[in-house]
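File shown: input.tsv. Contents: TSV, N, CA and C atoms.
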chain	number	residue	atom	x	y	z
N	87	MET	N	0.83	-1.17	0.00
N	87	MET	CA	0.00	0.00	0.00
N	87	MET	C	0.88	1.24	0.00
N	88	ILE	N	0.55	2.19	-0.84
N	88	ILE	CA	1.28	3.44	-0.92
N	88	ILE	C	0.44	4.51	-0.26
N	89	THR	N	1.04	5.30	0.60
N	89	THR	CA	0.34	6.39	1.24
N	89	THR	C	0.97	7.69	0.81
N	90	LEU	N	0.16	8.56	0.29
N	90	LEU	CA	0.60	9.88	-0.11
N	90	LEU	C	0.15	10.83	0.98
N	91	LYS	N	1.11	11.47	1.65
N	91	LYS	CA	0.77	12.33	2.76
N	91	LYS	C	0.88	13.79	2.33
N	92	ILE	N	-0.15	14.53	2.66
N	92	ILE	CA	-0.17	15.96	2.38
N	92	ILE	C	0.11	16.67	3.69
N	93	GLU	N	1.20	17.46	3.71
N	93	GLU	CA	1.58	18.13	4.94
N	93	GLU	C	0.45	19.05	5.41
N	94	GLY	N	0.12	18.96	6.68
N	94	GLY	CA	-0.92	19.80	7.24
N	94	GLY	C	-2.33	19.24	7.07
N	95	ALA	N	-2.45	18.09	6.41
N	95	ALA	CA	-3.78	17.54	6.15
N	95	ALA	C	-4.49	17.13	7.44
N	96	GLU	N	-3.73	16.59	8.41
N	96	GLU	CA	-4.36	16.16	9.65
N	96	GLU	C	-4.99	17.35	10.37
N	97	LYS	N	-4.26	18.44	10.41
N	97	LYS	CA	-4.77	19.65	11.07
N	97	LYS	C	-6.01	20.16	10.33
N	98	ALA	N	-5.95	20.13	9.03
N	98	ALA	CA	-7.11	20.58	8.23
N	98	ALA	C	-8.31	19.67	8.47
N	99	LEU	N	-8.08	18.37	8.55
N	99	LEU	CA	-9.18	17.44	8.78
N	99	LEU	C	-9.83	17.64	10.15
N	100	ARG	N	-9.00	17.96	11.16
N	100	ARG	CA	-9.55	18.21	12.49
N	100	ARG	C	-10.47	19.44	12.47
N	101	LYS	N	-10.15	20.35	11.61
N	101	LYS	CA	-10.93	21.58	11.52
N	101	LYS	C	-11.93	21.52	10.36
N	102	PHE	N	-12.24	20.32	9.90
N	102	PHE	CA	-13.06	20.15	8.70
N	102	PHE	C	-14.39	20.90	8.77
N	103	LYS	N	-15.00	20.93	9.95
N	103	LYS	CA	-16.29	21.60	10.06
N	103	LYS	C	-16.18	23.09	9.74
N	104	ARG	N	-14.97	23.63	9.86
N	104	ARG	CA	-14.78	25.05	9.57
N	104	ARG	C	-14.27	25.29	8.15
N	105	ILE	N	-14.00	24.23	7.39
N	105	ILE	CA	-13.54	24.40	6.02
N	105	ILE	C	-14.71	24.83	5.16
N	106	PRO	N	-14.55	25.92	4.45
N	106	PRO	CA	-15.64	26.34	3.57
N	106	PRO	C	-15.94	25.26	2.53
N	107	PRO	N	-17.19	25.07	2.19
N	107	PRO	CA	-17.56	24.05	1.21
N	107	PRO	C	-16.81	24.21	-0.12
N	108	LYS	N	-16.54	25.45	-0.50
N	108	LYS	CA	-15.81	25.69	-1.75
N	108	LYS	C	-14.39	25.10	-1.68
N	109	LEU	N	-13.74	25.24	-0.52
N	109	LEU	CA	-12.39	24.69	-0.34
N	109	LEU	C	-12.43	23.17	-0.32
N	110	ALA	N	-13.40	22.59	0.39
N	110	ALA	CA	-13.53	21.12	0.44
N	110	ALA	C	-13.77	20.58	-0.97
N	111	LYS	N	-14.60	21.26	-1.75
N	111	LYS	CA	-14.86	20.83	-3.12
N	111	LYS	C	-13.57	20.88	-3.95
N	112	GLY	N	-12.78	21.94	-3.77
N	112	GLY	CA	-11.51	22.06	-4.49
N	112	GLY	C	-10.53	20.97	-4.11
N	113	ILE	N	-10.45	20.65	-2.82
N	113	ILE	CA	-9.55	19.58	-2.36
N	113	ILE	C	-10.00	18.24	-2.93
N	114	ASN	N	-11.31	17.99	-2.93
N	114	ASN	CA	-11.81	16.74	-3.51
N	114	ASN	C	-11.50	16.65	-5.00
N	115	THR	N	-11.57	17.76	-5.71
N	115	THR	CA	-11.22	17.79	-7.12
N	115	THR	C	-9.74	17.47	-7.30
N	116	ALA	N	-8.89	18.06	-6.46
N	116	ALA	CA	-7.45	17.80	-6.54
N	116	ALA	C	-7.14	16.34	-6.23
N	117	ILE	N	-7.84	15.76	-5.28
N	117	ILE	CA	-7.64	14.35	-4.95
N	117	ILE	C	-8.01	13.48	-6.15
N	118	ARG	N	-9.16	13.75	-6.75
N	118	ARG	CA	-9.61	12.98	-7.92
N	118	ARG	C	-8.60	13.07	-9.06
N	119	LYS	N	-8.15	14.28	-9.37
N	119	LYS	CA	-7.17	14.47	-10.45
N	119	LYS	C	-5.86	13.75	-10.11
N	120	SER	N	-5.47	13.79	-8.83
N	120	SER	CA	-4.22	13.15	-8.41
N	120	SER	C	-4.27	11.64	-8.58
N	121	ILE	N	-5.40	11.04	-8.23
N	121	ILE	CA	-5.54	9.59	-8.37
N	121	ILE	C	-5.42	9.20	-9.85
N	122	PHE	N	-6.08	9.95	-10.72
N	122	PHE	CA	-5.98	9.65	-12.15
N	122	PHE	C	-4.56	9.88	-12.67
N	123	GLN	N	-3.87	10.89	-12.16
N	123	GLN	CA	-2.48	11.16	-12.54
N	123	GLN	C	-1.59	10.00	-12.11
N	124	ILE	N	-1.76	9.56	-10.87
N	124	ILE	CA	-0.95	8.44	-10.37
N	124	ILE	C	-1.21	7.20	-11.21
N	125	GLU	N	-2.47	6.92	-11.51
N	125	GLU	CA	-2.80	5.75	-12.32
N	125	GLU	C	-2.07	5.82	-13.67
N	126	GLY	N	-2.10	6.98	-14.30
N	126	GLY	CA	-1.44	7.14	-15.59
N	126	GLY	C	0.07	7.01	-15.51
N	127	ASP	N	0.66	7.40	-14.38
N	127	ASP	CA	2.11	7.30	-14.22
N	127	ASP	C	2.56	5.92	-13.75
N	128	VAL	N	1.68	5.18	-13.08
N	128	VAL	CA	2.02	3.85	-12.57
N	128	VAL	C	1.96	2.79	-13.67
N	129	LYS	N	0.90	2.80	-14.44
N	129	LYS	CA	0.67	1.72	-15.40
N	129	LYS	C	1.83	1.44	-16.36
N	130	PRO	N	2.48	2.45	-16.93
N	130	PRO	CA	3.60	2.14	-17.82
N	130	PRO	C	4.81	1.51	-17.12
N	131	LEU	N	4.86	1.62	-15.80
N	131	LEU	CA	6.00	1.08	-15.04
N	131	LEU	C	5.82	-0.38	-14.60
N	132	VAL	N	4.61	-0.91	-14.79
N	132	VAL	CA	4.31	-2.28	-14.34
N	132	VAL	C	4.94	-3.30	-15.28
N	133	PRO	N	5.74	-4.23	-14.75
N	133	PRO	CA	6.25	-5.31	-15.60
N	133	PRO	C	5.09	-6.12	-16.17
N	134	VAL	N	5.17	-6.46	-17.44
N	134	VAL	CA	4.04	-7.12	-18.10
N	134	VAL	C	4.42	-8.50	-18.59
N	135	ASP	N	3.62	-9.49	-18.18
N	135	ASP	CA	3.68	-10.83	-18.74
N	135	ASP	C	2.39	-11.04	-19.51
N	136	THR	N	1.27	-11.08	-18.80
N	136	THR	CA	-0.03	-11.23	-19.46
N	136	THR	C	-0.79	-9.91	-19.55
N	137	GLY	N	-0.40	-8.91	-18.76
N	137	GLY	CA	-1.09	-7.62	-18.74
N	137	GLY	C	-2.17	-7.55	-17.68
N	138	ARG	N	-2.39	-8.65	-16.97
N	138	ARG	CA	-3.46	-8.68	-15.96
N	138	ARG	C	-3.20	-7.70	-14.82
N	139	LEU	N	-1.97	-7.64	-14.33
N	139	LEU	CA	-1.65	-6.74	-13.23
N	139	LEU	C	-1.85	-5.28	-13.66
N	140	ARG	N	-1.32	-4.93	-14.81
N	140	ARG	CA	-1.46	-3.55	-15.29
N	140	ARG	C	-2.93	-3.17	-15.45
N	141	ALA	N	-3.72	-4.07	-16.04
N	141	ALA	CA	-5.14	-3.79	-16.26
N	141	ALA	C	-5.91	-3.69	-14.95
N	142	SER	N	-5.43	-4.35	-13.91
N	142	SER	CA	-6.16	-4.37	-12.64
N	142	SER	C	-5.96	-3.10	-11.82
N	143	ILE	N	-4.98	-2.31	-12.14
N	143	ILE	CA	-4.73	-1.08	-11.37
N	143	ILE	C	-5.80	-0.07	-11.73
N	144	GLY	N	-6.70	0.14	-10.79
N	144	GLY	CA	-7.80	1.08	-11.01
N	144	GLY	C	-8.84	0.58	-11.98
N	145	GLY	N	-8.74	-0.67	-12.38
N	145	GLY	CA	-9.67	-1.20	-13.36
N	145	GLY	C	-10.21	-2.56	-12.96
N	146	GLN	N	-10.02	-3.53	-13.83
N	146	GLN	CA	-10.56	-4.87	-13.60
N	146	GLN	C	-9.96	-5.49	-12.34
N	147	GLY	N	-10.77	-5.65	-11.34
N	147	GLY	CA	-10.30	-6.28	-10.11
N	147	GLY	C	-9.72	-5.30	-9.11
N	148	GLY	N	-9.25	-4.18	-9.57
N	148	GLY	CA	-8.75	-3.15	-8.68
N	148	GLY	C	-9.77	-2.04	-8.62
N	149	GLY	N	-9.31	-0.85	-8.46
N	149	GLY	CA	-10.28	0.23	-8.49
N	149	GLY	C	-9.77	1.54	-7.98
N	150	LYS	N	-10.69	2.48	-7.97
N	150	LYS	CA	-10.46	3.80	-7.44
N	150	LYS	C	-11.61	4.07	-6.47
N	151	ILE	N	-11.27	4.63	-5.34
N	151	ILE	CA	-12.28	5.00	-4.36
N	151	ILE	C	-12.16	6.50	-4.11
N	152	PHE	N	-13.28	7.18	-4.15
N	152	PHE	CA	-13.31	8.60	-3.82
N	152	PHE	C	-14.36	8.81	-2.75
N	153	LYS	N	-13.94	9.40	-1.66
N	153	LYS	CA	-14.84	9.82	-0.59
N	153	LYS	C	-14.50	11.28	-0.30
N	154	ASN	N	-15.17	11.86	0.65
N	154	ASN	CA	-14.87	13.24	1.00
N	154	ASN	C	-13.46	13.32	1.59
N	155	LEU	N	-12.60	14.07	0.95
N	155	LEU	CA	-11.19	14.26	1.34
N	155	LEU	C	-10.40	12.96	1.38
N	156	TYR	N	-10.75	12.03	0.50
N	156	TYR	CA	-10.07	10.73	0.46
N	156	TYR	C	-10.10	10.18	-0.96
N	157	GLY	N	-8.99	9.61	-1.36
N	157	GLY	CA	-8.93	8.93	-2.64
N	157	GLY	C	-7.99	7.74	-2.55
N	158	ALA	N	-8.27	6.69	-3.29
N	158	ALA	CA	-7.41	5.51	-3.27
N	158	ALA	C	-7.35	4.89	-4.66
N	159	LEU	N	-6.21	4.35	-4.98
N	159	LEU	CA	-5.98	3.61	-6.22
N	159	LEU	C	-5.39	2.27	-5.80
N	160	PHE	N	-5.94	1.19	-6.33
N	160	PHE	CA	-5.46	-0.11	-5.87
N	160	PHE	C	-5.66	-1.20	-6.91
N	161	THR	N	-5.03	-2.32	-6.62
N	161	THR	CA	-5.21	-3.56	-7.36
N	161	THR	C	-5.51	-4.66	-6.36
N	162	ASN	N	-6.25	-5.67	-6.77
N	162	ASN	CA	-6.46	-6.80	-5.87
N	162	ASN	C	-5.83	-8.08	-6.43
N	163	VAL	N	-4.96	-7.93	-7.41
N	163	VAL	CA	-4.26	-9.09	-7.96
N	163	VAL	C	-3.31	-9.60	-6.88
N	164	LYS	N	-3.43	-10.87	-6.56
N	164	LYS	CA	-2.70	-11.45	-5.43
N	164	LYS	C	-1.19	-11.30	-5.55
N	165	TYR	N	-0.66	-11.35	-6.76
N	165	TYR	CA	0.79	-11.32	-6.91
N	165	TYR	C	1.35	-9.91	-7.06
N	166	ALA	N	0.53	-8.89	-6.90
N	166	ALA	CA	0.99	-7.50	-7.06
N	166	ALA	C	2.13	-7.19	-6.09
N	167	SER	N	2.00	-7.59	-4.84
N	167	SER	CA	3.07	-7.29	-3.87
N	167	SER	C	4.33	-8.10	-4.19
N	168	TRP	N	4.18	-9.27	-4.77
N	168	TRP	CA	5.32	-10.09	-5.20
N	168	TRP	C	6.15	-9.32	-6.24
N	169	ILE	N	5.47	-8.72	-7.19
N	169	ILE	CA	6.16	-7.94	-8.23
N	169	ILE	C	6.71	-6.65	-7.63
N	170	HIS	N	5.90	-5.96	-6.82
N	170	HIS	CA	6.27	-4.67	-6.25
N	170	HIS	C	7.42	-4.78	-5.27
N	171	GLU	N	7.34	-5.72	-4.35
N	171	GLU	CA	8.32	-5.86	-3.27
N	171	GLU	C	9.43	-6.85	-3.57
N	172	GLY	N	9.20	-7.75	-4.53
N	172	GLY	CA	10.21	-8.75	-4.86
N	172	GLY	C	10.23	-9.93	-3.92
N	173	LYS	N	9.19	-10.06	-3.10
N	173	LYS	CA	9.13	-11.19	-2.16
N	173	LYS	C	7.68	-11.43	-1.79
N	174	MET	N	7.43	-12.64	-1.30
N	174	MET	CA	6.09	-12.98	-0.80
N	174	MET	C	6.21	-14.05	0.26
N	175	ARG	N	5.14	-14.21	1.03
N	175	ARG	CA	5.08	-15.25	2.05
N	175	ARG	C	4.27	-16.41	1.50
N	176	ARG	N	4.82	-17.61	1.64
N	176	ARG	CA	4.11	-18.81	1.22
N	176	ARG	C	4.44	-19.91	2.23
N	177	ASN	N	3.39	-20.48	2.80
N	177	ASN	CA	3.55	-21.56	3.78
N	177	ASN	C	4.49	-21.17	4.92
N	178	GLY	N	4.37	-19.90	5.36
N	178	GLY	CA	5.19	-19.45	6.49
N	178	GLY	C	6.61	-19.08	6.13
N	179	ARG	N	6.96	-19.16	4.87
N	179	ARG	CA	8.33	-18.82	4.43
N	179	ARG	C	8.30	-17.60	3.54
N	180	THR	N	9.39	-16.85	3.53
N	180	THR	CA	9.52	-15.71	2.63
N	180	THR	C	10.27	-16.19	1.40
N	181	ILE	N	9.67	-15.95	0.23
N	181	ILE	CA	10.27	-16.34	-1.04
N	181	ILE	C	10.62	-15.06	-1.79
N	182	TYR	N	11.81	-15.00	-2.36
N	182	TYR	CA	12.28	-13.81	-3.07
N	182	TYR	C	12.36	-14.07	-4.57
N	183	ILE	N	12.17	-13.02	-5.35
N	183	ILE	CA	12.40	-13.13	-6.80
N	183	ILE	C	13.89	-13.32	-6.99
N	184	LYS	N	14.28	-14.40	-7.68
N	184	LYS	CA	15.69	-14.73	-7.82
N	184	LYS	C	16.27	-14.32	-9.17
N	185	GLY	N	15.43	-14.16	-10.15
N	185	GLY	CA	15.91	-13.76	-11.47
N	185	GLY	C	14.76	-13.23	-12.29
N	186	MET	N	15.08	-12.59	-13.38
N	186	MET	CA	14.03	-12.02	-14.21
N	186	MET	C	13.26	-13.12	-14.92
N	187	GLY	N	11.94	-13.06	-14.79
N	187	GLY	CA	11.08	-14.01	-15.48
N	187	GLY	C	10.60	-13.41	-16.79
N	188	ARG	N	9.49	-13.93	-17.29
N	188	ARG	CA	8.96	-13.44	-18.57
N	188	ARG	C	8.58	-11.96	-18.51
N	189	ALA	N	8.16	-11.48	-17.34
N	189	ALA	CA	7.77	-10.08	-17.21
N	189	ALA	C	8.97	-9.17	-17.03
N	190	ARG	N	10.16	-9.76	-16.92
N	190	ARG	CA	11.40	-9.00	-16.75
N	190	ARG	C	11.41	-8.20	-15.45
N	191	THR	N	10.78	-8.74	-14.41
N	191	THR	CA	10.81	-8.10	-13.09
N	191	THR	C	12.19	-8.28	-12.50
N	192	PRO	N	12.85	-7.20	-12.12
N	192	PRO	CA	14.21	-7.33	-11.59
N	192	PRO	C	14.24	-8.00	-10.23
N	193	VAL	N	15.40	-8.56	-9.89
N	193	VAL	CA	15.61	-9.14	-8.56
N	193	VAL	C	15.34	-8.02	-7.56
N	194	GLY	N	14.59	-8.32	-6.53
N	194	GLY	CA	14.24	-7.29	-5.55
N	194	GLY	C	12.92	-6.62	-5.88
N	195	GLY	N	12.31	-6.99	-7.00
N	195	GLY	CA	11.02	-6.44	-7.38
N	195	GLY	C	11.13	-5.10	-8.09
N	196	LYS	N	10.01	-4.60	-8.51
N	196	LYS	CA	9.94	-3.29	-9.14
N	196	LYS	C	8.82	-2.52	-8.46
N	197	PRO	N	9.17	-1.56	-7.60
N	197	PRO	CA	8.15	-0.83	-6.84
N	197	PRO	C	7.40	0.17	-7.72
N	198	PHE	N	6.59	-0.36	-8.63
N	198	PHE	CA	5.92	0.46	-9.64
N	198	PHE	C	5.00	1.51	-9.02
N	199	MET	N	4.33	1.19	-7.92
N	199	MET	CA	3.45	2.17	-7.27
N	199	MET	C	4.27	3.32	-6.69
N	200	LYS	N	5.33	3.00	-5.97
N	200	LYS	CA	6.17	4.06	-5.39
N	200	LYS	C	6.78	4.93	-6.49
N	201	LEU	N	7.27	4.29	-7.54
N	201	LEU	CA	7.87	5.04	-8.64
N	201	LEU	C	6.85	5.93	-9.34
N	202	GLY	N	5.64	5.42	-9.52
N	202	GLY	CA	4.58	6.19	-10.17
N	202	GLY	C	4.15	7.39	-9.34
N	203	VAL	N	4.05	7.19	-8.03
N	203	VAL	CA	3.69	8.30	-7.14
N	203	VAL	C	4.78	9.36	-7.17
N	204	LYS	N	6.02	8.92	-7.14
N	204	LYS	CA	7.14	9.88	-7.18
N	204	LYS	C	7.11	10.70	-8.47
N	205	LYS	N	6.83	10.03	-9.57
N	205	LYS	CA	6.75	10.72	-10.86
N	205	LYS	C	5.58	11.71	-10.89
N	206	ALA	N	4.48	11.35	-10.24
N	206	ALA	CA	3.27	12.18	-10.25
N	206	ALA	C	3.32	13.35	-9.27
N	207	GLU	N	4.23	13.34	-8.31
N	207	GLU	CA	4.25	14.35	-7.25
N	207	GLU	C	4.21	15.80	-7.74
N	208	PRO	N	4.99	16.20	-8.73
N	208	PRO	CA	4.92	17.60	-9.17
N	208	PRO	C	3.53	17.99	-9.67
N	209	GLU	N	2.89	17.10	-10.41
N	209	GLU	CA	1.54	17.38	-10.91
N	209	GLU	C	0.53	17.43	-9.76
N	210	ILE	N	0.69	16.53	-8.81
N	210	ILE	CA	-0.21	16.49	-7.65
N	210	ILE	C	-0.12	17.81	-6.88
N	211	GLU	N	1.09	18.27	-6.65
N	211	GLU	CA	1.28	19.55	-5.96
N	211	GLU	C	0.60	20.68	-6.74
N	212	ARG	N	0.73	20.64	-8.05
N	212	ARG	CA	0.12	21.67	-8.89
N	212	ARG	C	-1.40	21.62	-8.78
N	213	TYR	N	-1.99	20.42	-8.79
N	213	TYR	CA	-3.44	20.28	-8.67
N	213	TYR	C	-3.95	20.89	-7.36
N	214	PHE	N	-3.26	20.57	-6.26
N	214	PHE	CA	-3.70	21.08	-4.97
N	214	PHE	C	-3.52	22.59	-4.88
N	215	LYS	N	-2.40	23.08	-5.34
N	215	LYS	CA	-2.17	24.53	-5.31
N	215	LYS	C	-3.23	25.25	-6.11
N	216	LYS	N	-3.51	24.77	-7.31
N	216	LYS	CA	-4.49	25.41	-8.17
N	216	LYS	C	-5.88	25.42	-7.53
N	217	GLU	N	-6.31	24.28	-7.00
N	217	GLU	CA	-7.65	24.18	-6.42
N	217	GLU	C	-7.79	24.98	-5.14
N	218	ILE	N	-6.75	25.00	-4.32
N	218	ILE	CA	-6.80	25.77	-3.07
N	218	ILE	C	-6.79	27.26	-3.39
N	219	ASP	N	-5.91	27.68	-4.30
N	219	ASP	CA	-5.88	29.10	-4.71
N	219	ASP	C	-7.23	29.53	-5.27
N	220	LYS	N	-7.82	28.68	-6.11
N	220	LYS	CA	-9.12	29.00	-6.70
N	220	LYS	C	-10.20	29.13	-5.62
N	221	ALA	N	-10.16	28.25	-4.63
N	221	ALA	CA	-11.18	28.27	-3.58
N	221	ALA	C	-11.01	29.48	-2.65
N	222	LEU	N	-9.78	29.94	-2.50
N	222	LEU	CA	-9.53	31.06	-1.58
N	222	LEU	C	-9.72	32.43	-2.22
N	223	LYS	N	-9.94	32.46	-3.53
N	223	LYS	CA	-10.14	33.75	-4.22
N	223	LYS	C	-11.51	34.30	-3.95
Can you dump the structure from the file as structure tokens?
Amino acid sequence: MITLKIEGAEKALRKFKRIPPKLAKGINTAIRKSIFQIEGDVKPLVPVDTGRLRASIGGQGGGKIFKNLYGALFTNVKYASWIHEGKMRRNGRTIYIKGMGRARTPVGGKPFMKLGVKKAEPEIERYFKKEIDKALK
């Protein structure tokens, strides 16, 4: 699971009842745009064998969740963490990726979600700045 933390968000959430509806709407818009940005930046980074993992991110089997001041992008493909982290637990043992398979996943895995979020960060910051500035005008 990847967590994107917005500095000061906890304080803002505690004071949510005092947030003007226009600002809350702007933040929700920025969250929605950010999730779609992350999805677009993550998918090209996913190692592909059959394409099932890539298709599941925010789509078939995975999804996007939007609530008030909350957004999530995920996959429910069981082997996603195997590819991302380069290891998995099976029968009480930790098994590591030892060599590149058909998907060309490197030893140690390929943290496609972390890499995609890092790539999306400048755009995410821009979305939030734009929406907050617009709401405060």
(request) Grab the atom CA of Asp135 of chain N to atom CA of Thr161 of chain N distance for me, in Å with one decimal place. (result)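 Interatomic distance here is 16.2 Å.
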(request) For each of N:Leu109, N:Glu217, N:Leu159, N:Ile151, take the minimum atom-to-atom distance to Met199 of chain N, counting only C-alpha atoms, then give the residue where this is smallest. (result) N:Leu159
(request) Grab the atom C of Asn162 of chain N to atom CA of Lys150 of chain N distance for me, in Å with one decimal place. (result)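 So the two atoms, atom C of Asn162 of chain N and atom CA of Lys150 of chain N, lie 12.8 Å apart.
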(request) For Val134 of chain N, list every protein, DNA or RNA residue within 7 Å, evaluated using all atoms listed in the file, and leave out those in the same chain fewer than 3 positions away; present the list as JSON, numbers by chain. (result) {"N": [131, 137, 138, 140, 188, 189, 190, 191]}
(request) Go through N:Ile169, N:Ile143, N:Ser120, N:Gly126 one by one, measure the shortest atom-to-atom distance of each to Pro197 of chain N using all atoms listed in the file, and give the residue with the smallest value. (result)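 Going through N:Ile169, N:Ile143, N:Ser120, N:Gly126 one by one, the smallest distance to Pro197 of chain N is for N:Ile169.
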(request) For atom N of Asn154 of chain N and atom CA of Phe198 of chain N, determine how far apart the two atoms are, in Å to one decimal place. (result) 26.1 Å
(request) Kindly indicate which residue among N:Lys173, N:Lys129, N:Lys216, N:Lys119 lies nearest to Gly157 of chain N, using only C-alpha atoms for the distances. (result) N:Lys119
Centre and size of axis-aligned box enclosing segment 166-182 of chain N plus 3 Å each side, as JSON:
{"center_x": 6.4, "center_y": -13.1, "center_z": -0.9, "size_x": 17.8, "size_y": 22.9, "size_z": 20.7}
(request) Could you please write out, as a ChimeraX atom specification, every residue of segment 149-182 of chain N that DSSP assigns to strand (DSSP E or B)? (result) /N:149-153,156-160,173-176,179-182
(request) Check chain N with DSSP on the backbone and list each residue it calls alpha helix (DSSP H), as an MDAnalysis selection string. (result) chainID N and resid 95:100 107:128 138:142 166:171 198:222
(request) Select, from N:Ala116, N:Ala221, N:Ile124, N:Val193, the residue with the minimum atom-to-atom distance to Gly172 of chain N, counting only C-alpha atoms. (result)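 The shortest atom-to-atom distance to Gly172 of chain N comes from N:Val193.
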(request) Rank N:Lys108, N:Lys220, N:Arg118, N:Lys196 by their smallest atom-to-atom distance to Pro133 of chain N, using only N, CA and C atoms, and report the top residue only. (result)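 Checking each of N:Lys108, N:Lys220, N:Arg118, N:Lys196 against Pro133 of chain N, counting only N, CA and C atoms, the winner is N:Lys196.
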(request) Using only N, CA and C atoms, pick whichever of N:Gln123, N:Thr115, N:Gly195, N:Leu139 has the shortest atom-to-atom distance to Glu207 of chain N. (result)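 Selected residue with least distance to Glu207 of chain N: N:Gln123.
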